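I have placed the structure first, in the form of structure tokens, so that the comments after it can refer back to it.
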Amino acid sequence: MYWEDTDAGGVVFYANYLKFFERARTEWLRALGFAQERLRTETGALFVVADTSVRYLSPARLDDLVEVSVEPHEIGRASMSVRQQAWRAGPGSPVLLAEGHIRIGCVDAGTFAPRRIPNAILEALK
């Protein structure tokens, strides 16, 4: 973790876990072959967060190495729910820091109206 992620006591500020989860979803999509800007320009689709729930279990601190997972939970035609976990990595056993359930919707980039998730993404998630 970096100074910018922590409070004056060197503990990661709770809202930053949502940023970590967002970054992990972006990298997860990229690893599946779907860079978000390319997705927008080629298909006109964007993903937006519709709902979040985060449970905080243990604090992360300055200089901790944190790894974040993304696991699709429910996949619909226009939205999906993912389960995400943030873990302190490094020496010793990993420690679960926070876990979140995030529902993301697919919308039209021009109107923000709900739209179907592109078939290529749905196929990659099977």
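Each chain in the structure tokens gets a letter, A, B and so on, in the order shown; residues start at 1 in every chain, and ligands are counted from 1 in the order they appear.
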
Legend entry - Test item, strand (DSSP E) assignment across stretch 1-125 of chain A, answer as number ranges by chain: A: 45-56, 65-75, 79-89, 95-108

Legend entry - For stretch 60-66 of chain A: contacts at 8 Å, only C-alpha atoms, fewer than 2 positions along chain excluded, given as a ChimeraX atom specification: /A:1-3,5-6,10-12,58,68,86-90,97

Generate a file of the selected residues that holds N, CA and C atoms, formatted as a PDB file, in the first residue's frame.
ATOM      1  N   MET A   1       0.826  -1.173   0.000  1.00  0.00           N
ATOM      2  CA  MET A   1       0.000   0.000   0.000  1.00  0.00           C
ATOM      3  C   MET A   1       0.876   1.243   0.000  1.00  0.00           C
ATOM      4  N   TYR A   2       0.301   2.321  -0.485  1.00  0.00           N
ATOM      5  CA  TYR A   2       1.000   3.588  -0.631  1.00  0.00           C
ATOM      6  C   TYR A   2       0.456   4.602   0.375  1.00  0.00           C
ATOM      7  N   TRP A   3       1.225   5.668   0.624  1.00  0.00           N
ATOM      8  CA  TRP A   3       0.765   6.725   1.524  1.00  0.00           C
ATOM      9  C   TRP A   3      -0.610   7.220   1.119  1.00  0.00           C
ATOM     10  N   ASP A   5      -3.050   5.804   0.007  1.00  0.00           N
ATOM     11  CA  ASP A   5      -4.136   4.875   0.323  1.00  0.00           C
ATOM     12  C   ASP A   5      -4.482   4.845   1.807  1.00  0.00           C
ATOM     13  N   THR A   6      -3.638   5.485   2.633  1.00  0.00           N
ATOM     14  CA  THR A   6      -3.778   5.328   4.081  1.00  0.00           C
ATOM     15  C   THR A   6      -4.201   6.618   4.776  1.00  0.00           C
ATOM     16  N   GLY A  10      -1.514   5.234   9.057  1.00  0.00           N
ATOM     17  CA  GLY A  10      -0.917   4.234   8.189  1.00  0.00           C
ATOM     18  C   GLY A  10      -1.829   3.067   7.864  1.00  0.00           C
ATOM     19  N   VAL A  11      -3.129   3.215   8.156  1.00  0.00           N
ATOM     20  CA  VAL A  11      -4.111   2.170   7.865  1.00  0.00           C
ATOM     21  C   VAL A  11      -4.871   2.549   6.594  1.00  0.00           C
ATOM     22  N   VAL A  12      -5.101   1.569   5.729  1.00  0.00           N
ATOM     23  CA  VAL A  12      -5.801   1.845   4.476  1.00  0.00           C
ATOM     24  C   VAL A  12      -7.216   2.338   4.776  1.00  0.00           C
ATOM     25  N   SER A  58     -10.032  -7.148   8.345  1.00  0.00           N
ATOM     26  CA  SER A  58      -8.735  -6.882   8.958  1.00  0.00           C
ATOM     27  C   SER A  58      -8.113  -5.685   8.239  1.00  0.00           C
ATOM     28  N   VAL A  68      -6.105  -8.789  -5.003  1.00  0.00           N
ATOM     29  CA  VAL A  68      -7.562  -8.742  -5.075  1.00  0.00           C
ATOM     30  C   VAL A  68      -8.053  -9.749  -6.112  1.00  0.00           C
ATOM     31  N   ALA A  86     -10.036  -8.999  -0.989  1.00  0.00           N
ATOM     32  CA  ALA A  86      -8.722  -8.374  -0.877  1.00  0.00           C
ATOM     33  C   ALA A  86      -7.952  -9.127   0.202  1.00  0.00           C
ATOM     34  N   TRP A  87      -6.757  -9.585  -0.162  1.00  0.00           N
ATOM     35  CA  TRP A  87      -5.922 -10.383   0.730  1.00  0.00           C
ATOM     36  C   TRP A  87      -4.584  -9.696   0.965  1.00  0.00           C
ATOM     37  N   ARG A  88      -4.112  -9.742   2.211  1.00  0.00           N
ATOM     38  CA  ARG A  88      -2.739  -9.331   2.472  1.00  0.00           C
ATOM     39  C   ARG A  88      -1.860 -10.496   2.041  1.00  0.00           C
ATOM     40  N   ALA A  89      -0.935 -10.228   1.137  1.00  0.00           N
ATOM     41  CA  ALA A  89      -0.039 -11.259   0.625  1.00  0.00           C
ATOM     42  C   ALA A  89       1.330 -11.084   1.267  1.00  0.00           C
ATOM     43  N   GLY A  90       2.215 -11.992   0.976  1.00  0.00           N
ATOM     44  CA  GLY A  90       3.573 -11.883   1.487  1.00  0.00           C
ATOM     45  C   GLY A  90       3.894 -13.013   2.438  1.00  0.00           C
ATOM     46  N   LEU A  97      -8.632  -9.431   4.080  1.00  0.00           N
ATOM     47  CA  LEU A  97      -8.820  -8.079   4.591  1.00  0.00           C
ATOM     48  C   LEU A  97     -10.248  -7.586   4.423  1.00  0.00           C
TER      49      LEU A  97
END

Inset, instruction - Go ahead and compute the interatomic distance for atom CA of A:Ala78 and atom CA of A:Arg116, in Å to one decimal. - result: 4.4 Å

Inset, instruction - Kindly give the distance, in Å, that separates atom CA of A:Val82 and atom CA of A:Thr26, rounded to a single decimal. - result: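 Between atom CA of A:Val82 and atom CA of A:Thr26 the gap is 12.5 Å.
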
Legend entry - Separation of atom CA of A:Ile104 from atom CA of A:Val48 in Å: 5.4 Å

Legend entry - All alpha helix (DSSP H) positions in stretch 21-105 of chain A, as a PyMOL selection string: chain A and resi 21-31+36-43

Store the residues picked out above, limited to N, CA and C atoms, as a tab-separated table (two decimals), in the first residue's frame.
chain	number	residue	atom	x	y	z
A	21	PHE	N	-11.06	-2.85	-5.77
A	21	PHE	CA	-11.97	-3.79	-6.45
A	21	PHE	C	-12.20	-3.36	-7.90
A	22	GLU	N	-12.37	-2.06	-8.12
A	22	GLU	CA	-12.57	-1.55	-9.48
A	22	GLU	C	-11.36	-1.85	-10.36
A	23	ARG	N	-10.19	-1.58	-9.85
A	23	ARG	CA	-8.97	-1.85	-10.62
A	23	ARG	C	-8.84	-3.33	-10.93
A	24	ALA	N	-9.16	-4.17	-9.97
A	24	ALA	CA	-9.06	-5.62	-10.20
A	24	ALA	C	-10.04	-6.07	-11.28
A	25	ARG	N	-11.27	-5.52	-11.28
A	25	ARG	CA	-12.23	-5.88	-12.34
A	25	ARG	C	-11.74	-5.43	-13.70
A	26	THR	N	-11.12	-4.25	-13.77
A	26	THR	CA	-10.57	-3.77	-15.03
A	26	THR	C	-9.47	-4.71	-15.53
A	27	GLU	N	-8.58	-5.11	-14.65
A	27	GLU	CA	-7.51	-6.03	-15.04
A	27	GLU	C	-8.05	-7.42	-15.38
A	28	TRP	N	-9.07	-7.85	-14.70
A	28	TRP	CA	-9.72	-9.13	-14.97
A	28	TRP	C	-10.31	-9.13	-16.38
A	29	LEU	N	-11.04	-8.06	-16.72
A	29	LEU	CA	-11.60	-7.96	-18.07
A	29	LEU	C	-10.48	-7.90	-19.11
A	30	ARG	N	-9.44	-7.16	-18.81
A	30	ARG	CA	-8.30	-7.05	-19.74
A	30	ARG	C	-7.67	-8.42	-19.96
A	31	ALA	N	-7.52	-9.20	-18.90
A	31	ALA	CA	-6.94	-10.54	-19.01
A	31	ALA	C	-7.82	-11.47	-19.85
A	36	GLN	N	-11.35	-2.00	-21.56
A	36	GLN	CA	-12.61	-1.27	-21.45
A	36	GLN	C	-12.76	-0.16	-22.50
A	37	GLU	N	-11.69	0.53	-22.84
A	37	GLU	CA	-11.82	1.57	-23.86
A	37	GLU	C	-12.11	0.95	-25.22
A	38	ARG	N	-11.46	-0.15	-25.52
A	38	ARG	CA	-11.73	-0.84	-26.78
A	38	ARG	C	-13.17	-1.38	-26.80
A	39	LEU	N	-13.62	-1.88	-25.67
A	39	LEU	CA	-15.00	-2.35	-25.56
A	39	LEU	C	-15.97	-1.21	-25.86
A	40	ARG	N	-15.68	-0.03	-25.33
A	40	ARG	CA	-16.55	1.12	-25.56
A	40	ARG	C	-16.55	1.53	-27.03
A	41	THR	N	-15.36	1.62	-27.64
A	41	THR	CA	-15.30	2.11	-29.01
A	41	THR	C	-15.80	1.08	-30.03
A	42	GLU	N	-15.59	-0.21	-29.75
A	42	GLU	CA	-15.96	-1.24	-30.72
A	42	GLU	C	-17.40	-1.74	-30.56
A	43	THR	N	-17.91	-1.72	-29.34
A	43	THR	CA	-19.26	-2.26	-29.12
A	43	THR	C	-20.24	-1.22	-28.60

Inset, instruction - Using only C-alpha atoms, pick whichever of A:Leu46, A:Leu57, A:Leu125, A:Tyr17 has the shortest atom-to-atom distance to A:Ala113. - result: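 Of the candidates, the smallest distance to A:Ala113 is held by A:Leu46.
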
Inset, instruction - Fewer than 6 positions away in the same chain doesn't count, so skip those; otherwise give me all residues within 12 Å of A:Arg83, counting only C-alpha atoms, as a VMD selection string. - result: chain A and resid 21 to 22 24 to 25 52 to 55 68 to 75 98 to 104

Inset, instruction - For each of A:Leu96, A:Pro118, A:Tyr56, A:Ala45, take the minimum atom-to-atom distance to A:Ala15, counting only C-alpha atoms, then give the residue where this is smallest. - result: A:Tyr56

Inset, instruction - For A:Pro114, please output as a ChimeraX atom specification all residues within 8 Å (counting only C-alpha atoms; exclusion window: fewer than 3 positions along the same chain). - result: /A:78,105-108

Legend entry - Nearest residue to A:Val95 from the set A:Pro59, A:Leu32, A:Ala50, A:Arg77 (distances using only C-alpha atoms):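 Nearest candidate to A:Val95 out of A:Pro59, A:Leu32, A:Ala50, A:Arg77: A:Pro59.
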